[in-house]
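The structure under discussion appears below in the form of structure tokens.
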Amino acid sequence: ALRQAMTALRLAELREGTWLRPANLVRDRPAVVLAQCALLTGGPETDPAELAAALWDLDGWARAARDLQRALGNAHGLAERFTVSAAILRHLLADPVLPAALLPPRWPGDALRAAYDAFEEEFRLVLARHAGT
């Protein structure tokens, strides 16, 4: 439960039991985290971008994000686009949501979110038409 909570909070595990992330997100901490963790604030003495790249597979995430965005653009029909959008949503849940200074150049997170949001609006309109509202 703790591992799931820490991952949901977008933390990365440096080593067993040591979880970190930049302080750019404000979130409520679940009881399982508060009960088991000592919370500290500090900063790395080394390059923060290098540390972020070591904690998260940023290149892999970016590559998959670009592939998913391309797949959504190439998908035909509502069912296929819906299937790709579900994969996009799962992928966005794994986005570390890091500050821009820690991300590689041309980070595709915002573009992927925009593509997902556009599909979600399209899907909402199709549902509204289907329901007659």
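Starting from 1 in every chain, residues are counted up; chains themselves are A, B, ... following the order of the structure tokens, and ligands are numbered from 1 as listed.
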So which residues touch Ile88 of chain A within 8 Å, counting only C-alpha atoms, skipping near sequence neighbours fewer than 3 positions away, as a PDB file with N, CA and C atoms, in the first residue's frame?
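Resulting contents of out-v9.pdb:
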ATOM      1  N   ALA A  65       5.164   8.598 -25.097  1.00  0.00           N
ATOM      2  CA  ALA A  65       4.182   9.680 -25.239  1.00  0.00           C
ATOM      3  C   ALA A  65       4.063  10.099 -26.698  1.00  0.00           C
ATOM      4  N   LEU A  68       2.211   7.400 -28.596  1.00  0.00           N
ATOM      5  CA  LEU A  68       0.774   7.423 -28.313  1.00  0.00           C
ATOM      6  C   LEU A  68       0.087   8.597 -29.014  1.00  0.00           C
ATOM      7  N   GLN A  69       0.733   9.740 -29.026  1.00  0.00           N
ATOM      8  CA  GLN A  69       0.140  10.898 -29.698  1.00  0.00           C
ATOM      9  C   GLN A  69       0.006  10.627 -31.197  1.00  0.00           C
ATOM     10  N   VAL A  84      -6.989   4.064 -27.851  1.00  0.00           N
ATOM     11  CA  VAL A  84      -5.715   4.774 -27.745  1.00  0.00           C
ATOM     12  C   VAL A  84      -5.788   5.811 -26.626  1.00  0.00           C
ATOM     13  N   SER A  85      -6.915   6.481 -26.487  1.00  0.00           N
ATOM     14  CA  SER A  85      -7.037   7.494 -25.426  1.00  0.00           C
ATOM     15  C   SER A  85      -6.933   6.861 -24.045  1.00  0.00           C
ATOM     16  N   HIS A  91      -0.789   6.313 -19.466  1.00  0.00           N
ATOM     17  CA  HIS A  91       0.575   6.846 -19.584  1.00  0.00           C
ATOM     18  C   HIS A  91       0.709   8.175 -18.832  1.00  0.00           C
ATOM     19  N   LEU A  92      -0.297   9.009 -18.925  1.00  0.00           N
ATOM     20  CA  LEU A  92      -0.241  10.298 -18.215  1.00  0.00           C
ATOM     21  C   LEU A  92      -0.183  10.103 -16.701  1.00  0.00           C
ATOM     22  N   LEU A 112       0.792  15.836 -25.147  1.00  0.00           N
ATOM     23  CA  LEU A 112      -0.007  14.624 -24.977  1.00  0.00           C
ATOM     24  C   LEU A 112      -1.275  14.924 -24.186  1.00  0.00           C
ATOM     25  N   TYR A 116      -5.089  14.417 -25.531  1.00  0.00           N
ATOM     26  CA  TYR A 116      -6.085  13.669 -24.758  1.00  0.00           C
ATOM     27  C   TYR A 116      -7.312  14.541 -24.475  1.00  0.00           C
TER      28      TYR A 116
END
Exercise. Which polymer residues have any atom within 12 Å of an atom of segment 36-39 of chain A, counting only C-alpha atoms, with same-chain residues fewer than 3 positions away left out, as a VMD selection string?
Worked result: chain A and resid 1 to 3 5 to 6 17 to 21 23 29 to 33 42
Exercise. If you run DSSP on the backbone, which residues of chain A are helix (DSSP H, G or I), as a ChimeraX atom specification?
Worked result: /A:2-8,31-36,48-55,58-74,78-92,100-102,109-131
For this session: Skip Leu103 of chain A itself and residues of its chain fewer than 4 positions away, then list as a list in words all residues within 10 Å of it, counting only C-alpha atoms.
Result: Ala49, Glu50, Ala52, Ala53, Leu58, Asp59, Ala62, Pro96, Val97, Leu98, Pro99, Trp107, Pro108 and Gly109 of chain A
Please write the residues from the selection above to a file, keeping all heavy atoms, as a CSV table (one decimal), in the first residue's frame.
chain,number,residue,atom,x,y,z
A,49,ALA,N,18.9,17.9,-12.5
A,49,ALA,CA,18.4,17.3,-13.8
A,49,ALA,C,19.0,15.9,-14.0
A,49,ALA,O,18.3,14.9,-14.4
A,49,ALA,CB,18.7,18.1,-15.0
A,50,GLU,N,20.2,15.7,-13.6
A,50,GLU,CA,20.8,14.3,-13.7
A,50,GLU,C,20.2,13.4,-12.7
A,50,GLU,O,19.9,12.2,-13.0
A,50,GLU,CB,22.3,14.4,-13.5
A,50,GLU,CG,23.1,15.0,-14.6
A,50,GLU,CD,24.6,15.1,-14.4
A,50,GLU,OE1,25.1,14.4,-13.4
A,50,GLU,OE2,25.3,15.8,-15.1
A,52,ALA,N,17.1,13.6,-11.6
A,52,ALA,CA,15.7,13.3,-12.1
A,52,ALA,C,15.8,12.3,-13.2
A,52,ALA,O,15.0,11.3,-13.2
A,52,ALA,CB,15.1,14.6,-12.6
A,53,ALA,N,16.8,12.4,-14.1
A,53,ALA,CA,16.9,11.4,-15.2
A,53,ALA,C,17.3,10.0,-14.6
A,53,ALA,O,17.0,9.0,-15.2
A,53,ALA,CB,18.0,11.9,-16.2
A,58,LEU,N,12.9,9.2,-18.2
A,58,LEU,CA,12.3,10.3,-18.9
A,58,LEU,C,12.4,10.1,-20.4
A,58,LEU,O,11.4,10.4,-21.1
A,58,LEU,CB,13.1,11.6,-18.5
A,58,LEU,CG,13.0,12.0,-17.0
A,58,LEU,CD1,13.8,13.3,-16.8
A,58,LEU,CD2,11.6,12.1,-16.6
A,59,ASP,N,13.4,9.6,-20.9
A,59,ASP,CA,13.5,9.3,-22.4
A,59,ASP,C,12.5,8.3,-22.8
A,59,ASP,O,11.8,8.4,-23.8
A,59,ASP,CB,14.9,8.9,-22.8
A,59,ASP,CG,16.0,10.1,-22.7
A,59,ASP,OD1,15.5,11.2,-22.7
A,59,ASP,OD2,17.2,9.8,-22.5
A,62,ALA,N,9.0,9.8,-22.7
A,62,ALA,CA,8.8,10.8,-23.8
A,62,ALA,C,8.6,10.0,-25.1
A,62,ALA,O,7.7,10.4,-25.9
A,62,ALA,CB,10.0,11.7,-23.9
A,96,PRO,N,6.0,11.9,-14.4
A,96,PRO,CA,6.5,12.4,-13.1
A,96,PRO,C,6.1,13.8,-12.8
A,96,PRO,O,6.3,14.3,-11.6
A,96,PRO,CB,8.0,12.2,-13.2
A,96,PRO,CG,8.3,12.2,-14.7
A,96,PRO,CD,7.0,11.7,-15.3
A,97,VAL,N,5.6,14.6,-13.7
A,97,VAL,CA,5.2,16.0,-13.5
A,97,VAL,C,6.3,16.8,-12.8
A,97,VAL,O,6.1,17.3,-11.7
A,97,VAL,CB,3.9,16.0,-12.7
A,97,VAL,CG1,3.3,17.5,-12.7
A,97,VAL,CG2,2.8,15.0,-13.2
A,98,LEU,N,7.4,16.8,-13.5
A,98,LEU,CA,8.6,17.5,-13.0
A,98,LEU,C,8.6,19.0,-13.5
A,98,LEU,O,8.0,19.3,-14.5
A,98,LEU,CB,9.9,16.8,-13.5
A,98,LEU,CG,10.1,15.4,-13.0
A,98,LEU,CD1,11.3,14.8,-13.7
A,98,LEU,CD2,10.3,15.3,-11.5
A,99,PRO,N,9.3,19.8,-12.7
A,99,PRO,CA,9.5,21.2,-13.2
A,99,PRO,C,10.2,21.2,-14.6
A,99,PRO,O,11.0,20.3,-14.8
A,99,PRO,CB,10.3,21.9,-12.2
A,99,PRO,CG,10.3,21.0,-11.0
A,99,PRO,CD,10.0,19.6,-11.5
A,107,TRP,N,10.0,18.2,-24.2
A,107,TRP,CA,9.2,17.2,-23.4
A,107,TRP,C,7.7,17.2,-23.9
A,107,TRP,O,7.1,18.2,-24.0
A,107,TRP,CB,9.2,17.7,-21.9
A,107,TRP,CG,8.4,16.7,-21.0
A,107,TRP,CD1,7.2,17.0,-20.4
A,107,TRP,CD2,8.8,15.4,-20.6
A,107,TRP,NE1,6.9,15.9,-19.6
A,107,TRP,CE2,7.8,14.9,-19.7
A,107,TRP,CE3,9.9,14.6,-20.9
A,107,TRP,CZ2,7.9,13.7,-19.2
A,107,TRP,CZ3,10.0,13.4,-20.3
A,107,TRP,CH2,9.0,12.9,-19.4
A,108,PRO,N,7.2,16.0,-24.2
A,108,PRO,CA,5.9,15.9,-24.8
A,108,PRO,C,4.7,15.9,-23.9
A,108,PRO,O,3.6,15.6,-24.3
A,108,PRO,CB,6.0,14.6,-25.6
A,108,PRO,CG,6.9,13.8,-24.8
A,108,PRO,CD,7.9,14.7,-24.2
A,109,GLY,N,4.9,16.1,-22.6
A,109,GLY,CA,3.8,15.9,-21.6
A,109,GLY,C,2.6,16.8,-21.9
A,109,GLY,O,1.5,16.4,-22.0
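Residues within 12 Å of Glu122 of chain A, counting only C-alpha atoms and excluding same-chain residues fewer than 5 positions away, are Gly77, Leu78, Arg81, Phe82, Ser85, Ala115, Tyr116, Asp117, Leu127, Ala128 and Arg129 of chain A.
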